[in-house]
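Data first, discussion second: the structure below is written as structure tokens.
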Amino acid sequence: MYHYIKIALILSIGLTLCFIGYTEAQLESETPTADYIFETIEVPGVDFLEVTASTDFGDYAGNTRSPDGEKTIGFTLIDGVFSTYDFPGSQNTYFYALGNNGNAAGHYKDSDGLYHGVILENGELRQYDFPGAAETHIYGISDETGALSGNIVDAAGVTHAFSGELIITFPGAVNTYGDFVNAAGAVVGSYVDADGMPHGFVRHPDGSFTTIDLPEIPNLQFLFVNTITDLGVIGFRAKAVDDILRSYILLPDDTLYEVRLPGSAITVVRNVNQDGSIIGFYDTPDGHRHGFVGRPKTQPNGAGFGSVFSMHLSQGLNMLSVPLKPTVHMTARSLAVKTGATTVITLDAANQAFLAWTLNAPDDGFPIEGAKGYIVNLPEARDIVFTGTGWTHQMPAAAAPLTTIPSQTWAFVVSGYLEGIQQFNDYLVTVRNHRTKTIMETRVRGNYFAAATADLNYHSVVEVGDTLELIVTDTQGNIVSEKFNFTVNAANLANAVLSVRLTDIGTPKQNLLLQNYPNPFNPETWIPYQLSEDSLVSVSIYDTAGQLIRTLSLGYQSAGFYNSRERAAYWDGRNTLGEPVASGVYFYQLTTQSFQQTRRMLILK
């Protein structure tokens with residue numbers, strides 16, 4: 001299923017007759033020109049900077065020349081640091097995608113002239129080949145899912161678009177080229193029909209297609225669709241025979257703008273940001289290539305761009321509410337990706353407990369709702385842009401972050417994974433601060449946990465040097481772990497997160513006999529212990545003269561923690577004959593096949 005958007009260009013008189021022989025000035029289009037304030041992106045000493053991708057935080061990626069000028073290599077410009085990357089043994093390396101997490105992607109050309117995907121993660125390049133493809137070209141990364149997008153070449157030499165694991169072929173196309181996927185899963189790209197004519201397309205999440213055409217220019221050499229925002233703003237470029245390459249912005253209401261940086265030989269738009277700003281590159285008449293960012297002179301609200309709300313978030317902890325309902329359901333993960341946060345915390349009003357999500361979580365976390373406050377922690381201050389529509393049935397709430405929040409760590413998360421021989425879903429993790437005596441608890445899901453605390457009066461809840469004690473209990477309330485102790489350091493405070501791994505859950509590190517409870521007692525008590533290995537177990541009771549009073553034969557026990565009343569050894573205060581014993585001191589001894597330990601207890605009547 002697909003339909004067409006036909007974009008009519010009004011060309012100057014004479015141009016409609018023939019393109020051949022006309023100068024660039026004669027080929028000027030009368031398509032409305034978008035009104036931007038342009039800023040050149042430059043790196044000292046670099047005269048070829050082809051910016052092809054950007055993040056929401058003003059970081060960039062693209063292509064430049066190798067030091068010897070012999071090949072193209074990828075680059076990133078993150079937090080003002082310019083870094084170049086050249087896949088080993090490649091003829092050229094290209095970057096066309098950059099995620100908010102700093103990962104870049106593109107492709108490289110090998111010594112045989114074949115293309116392979118390439119991904120930059122944590123400063124290291126790795127190859128990515130789409131399963132079964134002869135060649136892979138990557139042009140996009142989804143911030144929401146991490147899915148790659150681009151195009152592949154099959155064994156027969158036919159090109160197809162792809163997004164994640166999905167292969168996309170436009171119906172009846174000779175070749176289909178993919179580029180970018182937005183948060184909703186809409187994929188943009190281009191295709192060549194059976195007559196050799198180029199067209200752009202949008203593949204919608206339901207599998208239908210919209211074609212993008214320039215019908216007033218029948219002799220197009222190419223038309224490439226590069227980007228689509230969450231609100232459906234599209235950026236593309238096209239070139240007709242004997243004309244220069246031109247870039248366009250197409251709004252959801254079908255309004256078309258041409259983008260031309262003044263004085264440039266060509267202007268290429270590669271990305272449209274959610275706030276309506278654009279990034280790309282341009283060539284100067286002397287042949288140099290520069291990156292640029294174009295910012296709209298007026299706020300791009302309205303039917304075309306949708307509603308836009310900008311806010312400034314400070315370094316550290318911020319309290320905010322999401323001002324606009326996004327076009328795609330937002331989760332803790334997507335809010336963290338959008339803001340660059342290390343953690344997202346919200347209050348579960350029904351249970352009066354804080355919920356947290358951290359970057360190492362196995363899922364997307366809780367949903368983001370209107371008129372609800374969220375705590376986010378940012379490693380550095382950022383300007384954030386939200387787009388969407390008004391929330392329905394929303395109670396009045398401040399959308400902007402609070403700007404007077406002090407610098408103390410007034411919210412904190414302890415998160416991590418439980419490691420053992422089983423799944424630990426619904427186990428309880430309890431965290432106790434030895435200094436403040438405060439306790440936070442959370443349930444385990446997917447072996448992951450995130451226990452959060454916050455003081456909404458913005459008082460500090462944790463300090464450097466605090467010792468946090470963690471205990472794990474199972475769904476019946478039985479202790480199933482040793483006591484884990486972790487010390488908070490400055491990096492933990494900066495991230496508002498302490499990440500840990502709890503090992504050997506369900507299996508003690510050593511055999512141990514613990515103090516009975518209650519103690520003193522009358523007439524009954526429980527004797528807790530733990531086993532590091534499966535064994536026959538018994539507990540013997542002795543008086544102060546060393547006489548055996550009673551033996552509790554517990555049978556063959558599996559390794560584990562026997563701490564709760566349901567699992568600990570039970571003594572009713574009677575001897576072997578069933579008679580109550582007298583008040584006084586007694587000794588109890590745990591015996592296994594490889595271990596023996598004795599403690600004392602007291603009966604008071």
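Just so we're on the same page: first chain in the structure tokens is A, next is B, and so on; residues restart at 1 for each chain, and ligands are numbered from 1 in the order they show up.
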Stretch 580-582 of chain A surroundings by only C-alpha atoms, 10 Å radius, close-in-sequence under 4 positions cut, as a list in words
Pro523, Asp543, Ile549, Asp572, Gly573, Arg574, Asn575, Thr576, Tyr586, Ile603, Leu604 and Lys605 of chain A
Which parts of stretch 432-505 of chain A does DSSP call helix (DSSP H, G or I) when run on the backbone here, written out as a ChimeraX atom specification?
/A:490-495
I'd like the neighbourhood of stretch 102-117 of chain A as a list of chain:residue names, where a residue qualifies if any of its atoms comes within 7 Å (using only C-alpha atoms), though same-chain residues fewer than 2 positions away should be ignored.
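So, after excluding close chain neighbours, the residues are A:Phe87, A:Gly89, A:Ser90, A:Gln91, A:Asn92, A:Thr93, A:Tyr94, A:Phe95, A:Tyr96, A:Ala97, A:Leu98, A:Gly99, A:Asn100, A:Ile119, A:Leu120, A:Glu121, A:Gln127, A:Tyr128, A:Asp129, A:Glu135, A:Thr136, A:His137, A:Ile138, A:Tyr139.
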Atoms to include: N, CA and C atoms. Write the selected residues as a PDB file, in the first residue's frame.
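After the write, result28.pdb holds the following:
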ATOM      1  N   PHE A  87      38.784   2.528   9.534  1.00  0.00           N
ATOM      2  CA  PHE A  87      38.720   1.089   9.750  1.00  0.00           C
ATOM      3  C   PHE A  87      39.963   0.433   9.135  1.00  0.00           C
ATOM      4  N   GLY A  89      42.599  -1.416   7.118  1.00  0.00           N
ATOM      5  CA  GLY A  89      42.589  -2.044   5.804  1.00  0.00           C
ATOM      6  C   GLY A  89      41.557  -1.505   4.837  1.00  0.00           C
ATOM      7  N   SER A  90      40.828  -0.460   5.228  1.00  0.00           N
ATOM      8  CA  SER A  90      39.770   0.059   4.361  1.00  0.00           C
ATOM      9  C   SER A  90      40.329   1.016   3.312  1.00  0.00           C
ATOM     10  N   GLN A  91      39.592   1.116   2.185  1.00  0.00           N
ATOM     11  CA  GLN A  91      39.891   2.159   1.211  1.00  0.00           C
ATOM     12  C   GLN A  91      39.350   3.500   1.692  1.00  0.00           C
ATOM     13  N   ASN A  92      38.150   3.487   2.293  1.00  0.00           N
ATOM     14  CA  ASN A  92      37.526   4.673   2.869  1.00  0.00           C
ATOM     15  C   ASN A  92      36.636   4.232   4.028  1.00  0.00           C
ATOM     16  N   THR A  93      36.455   5.118   4.992  1.00  0.00           N
ATOM     17  CA  THR A  93      35.553   4.884   6.107  1.00  0.00           C
ATOM     18  C   THR A  93      34.606   6.077   6.214  1.00  0.00           C
ATOM     19  N   TYR A  94      33.288   5.796   6.309  1.00  0.00           N
ATOM     20  CA  TYR A  94      32.288   6.863   6.305  1.00  0.00           C
ATOM     21  C   TYR A  94      31.406   6.758   7.547  1.00  0.00           C
ATOM     22  N   PHE A  95      31.118   7.910   8.181  1.00  0.00           N
ATOM     23  CA  PHE A  95      30.153   7.980   9.268  1.00  0.00           C
ATOM     24  C   PHE A  95      28.930   8.758   8.785  1.00  0.00           C
ATOM     25  N   TYR A  96      27.724   8.192   9.043  1.00  0.00           N
ATOM     26  CA  TYR A  96      26.481   8.862   8.663  1.00  0.00           C
ATOM     27  C   TYR A  96      25.448   8.883   9.791  1.00  0.00           C
ATOM     28  N   ALA A  97      25.785   8.327  10.956  1.00  0.00           N
ATOM     29  CA  ALA A  97      24.819   8.263  12.052  1.00  0.00           C
ATOM     30  C   ALA A  97      25.539   8.514  13.363  1.00  0.00           C
ATOM     31  N   LEU A  98      24.826   9.158  14.296  1.00  0.00           N
ATOM     32  CA  LEU A  98      25.375   9.435  15.617  1.00  0.00           C
ATOM     33  C   LEU A  98      24.242   9.388  16.625  1.00  0.00           C
ATOM     34  N   GLY A  99      24.361   8.505  17.615  1.00  0.00           N
ATOM     35  CA  GLY A  99      23.344   8.393  18.643  1.00  0.00           C
ATOM     36  C   GLY A  99      23.608   9.340  19.797  1.00  0.00           C
ATOM     37  N   ASN A 100      22.576   9.613  20.582  1.00  0.00           N
ATOM     38  CA  ASN A 100      22.735  10.464  21.752  1.00  0.00           C
ATOM     39  C   ASN A 100      23.713   9.881  22.764  1.00  0.00           C
ATOM     40  N   ILE A 119      30.496   0.253  13.157  1.00  0.00           N
ATOM     41  CA  ILE A 119      29.892   0.862  14.337  1.00  0.00           C
ATOM     42  C   ILE A 119      30.999   1.295  15.286  1.00  0.00           C
ATOM     43  N   LEU A 120      30.880   2.520  15.805  1.00  0.00           N
ATOM     44  CA  LEU A 120      31.817   3.035  16.800  1.00  0.00           C
ATOM     45  C   LEU A 120      31.151   2.960  18.166  1.00  0.00           C
ATOM     46  N   GLU A 121      31.715   2.149  19.063  1.00  0.00           N
ATOM     47  CA  GLU A 121      31.203   2.007  20.420  1.00  0.00           C
ATOM     48  C   GLU A 121      32.359   2.133  21.395  1.00  0.00           C
ATOM     49  N   GLN A 127      32.952  -4.153  12.919  1.00  0.00           N
ATOM     50  CA  GLN A 127      32.250  -4.388  11.648  1.00  0.00           C
ATOM     51  C   GLN A 127      30.859  -4.929  11.915  1.00  0.00           C
ATOM     52  N   TYR A 128      29.905  -4.489  11.092  1.00  0.00           N
ATOM     53  CA  TYR A 128      28.555  -5.039  11.156  1.00  0.00           C
ATOM     54  C   TYR A 128      28.103  -5.378   9.738  1.00  0.00           C
ATOM     55  N   ASP A 129      27.779  -6.636   9.507  1.00  0.00           N
ATOM     56  CA  ASP A 129      27.236  -7.080   8.225  1.00  0.00           C
ATOM     57  C   ASP A 129      25.810  -7.577   8.447  1.00  0.00           C
ATOM     58  N   GLU A 135      26.600  -6.718   0.832  1.00  0.00           N
ATOM     59  CA  GLU A 135      27.144  -5.423   1.247  1.00  0.00           C
ATOM     60  C   GLU A 135      26.163  -4.767   2.218  1.00  0.00           C
ATOM     61  N   THR A 136      26.695  -3.951   3.114  1.00  0.00           N
ATOM     62  CA  THR A 136      25.875  -3.255   4.112  1.00  0.00           C
ATOM     63  C   THR A 136      26.297  -1.796   4.179  1.00  0.00           C
ATOM     64  N   HIS A 137      25.305  -0.898   4.079  1.00  0.00           N
ATOM     65  CA  HIS A 137      25.539   0.540   4.230  1.00  0.00           C
ATOM     66  C   HIS A 137      24.658   1.038   5.370  1.00  0.00           C
ATOM     67  N   ILE A 138      25.245   1.617   6.411  1.00  0.00           N
ATOM     68  CA  ILE A 138      24.487   2.135   7.546  1.00  0.00           C
ATOM     69  C   ILE A 138      24.383   3.650   7.436  1.00  0.00           C
ATOM     70  N   TYR A 139      23.153   4.161   7.617  1.00  0.00           N
ATOM     71  CA  TYR A 139      22.924   5.606   7.568  1.00  0.00           C
ATOM     72  C   TYR A 139      22.220   6.136   8.815  1.00  0.00           C
TER      73      TYR A 139
END
Please build the interface table for stretch 204-241 of chain A against stretch 185-198 of chain A with a cut-off of 6 Å, listing for each qualifying residue the nearest atom pair and the distance in Å to one decimal; count only C-alpha atoms, order rows by chain and increasing number, and write it as a Markdown table.
| residue | atom | partner | partner_atom | distance |
| --- | --- | --- | --- | --- |
| A:His204 | CA | A:Ala186 | CA | 4.7 |
| A:Pro205 | CA | A:Gly185 | CA | 5.4 |
| A:Phe222 | CA | A:Pro198 | CA | 5.4 |
| A:Leu223 | CA | A:Pro198 | CA | 5.7 |
| A:Phe224 | CA | A:Ser190 | CA | 5.5 |
| A:Val225 | CA | A:Gly189 | CA | 5.0 |
Could you dump the residues just selected with C-alpha atoms as a CSV table (one decimal), in the first residue's frame?
chain,number,residue,atom,x,y,z
A,204,HIS,CA,5.1,4.0,7.7
A,205,PRO,CA,5.0,1.6,10.7
A,222,PHE,CA,18.7,11.5,-8.1
A,223,LEU,CA,16.4,12.2,-5.2
A,224,PHE,CA,17.6,11.1,-1.8
A,225,VAL,CA,15.5,11.4,1.4
Can you work out the spacing between atom CA of A:Gly164 and atom CA of A:Thr52 in Å, to one decimal?
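Those two atoms sit 20.3 Å apart.
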Nearest residue to A:Phe424 out of A:Asn492, A:Leu378, A:Gly506, A:Ser407, using only C-alpha atoms?
A:Gly506
Which is closest to A:Gly232 among A:Leu261, A:Pro296, A:Gln274, A:Gly200, if we use only C-alpha atoms?
A:Gln274
Pick the closest to A:Thr267 from A:Val51, A:Ala147, A:Ala568, A:Ile345: which is it, counting only C-alpha atoms?
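The answer is A:Val51, which sits nearest to A:Thr267.
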In Å, how far is it from atom CA of A:Thr84 to atom CA of A:Tyr60?
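The value is 12.0 Å.
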Selected residue of minimal separation from A:Phe449 among A:Leu359, A:Thr467, A:Pro520, A:Gln408, counting only C-alpha atoms
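Comparing A:Leu359, A:Thr467, A:Pro520, A:Gln408 against A:Phe449, the winner is A:Leu359.
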Using only C-alpha atoms, find the one residue out of A:Asp243, A:Glu380, A:Glu165, A:Asp206 that sits nearest to A:Gly146.
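Answer, going by the shortest atom-to-atom distance: A:Glu165.
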Residues within 10 Å of A:Thr503, please, as a ChimeraX atom specification. Count only C-alpha atoms; anything in the same chain fewer than 5 positions from it doesn't count.
/A:417-421,481-482,484,508-509
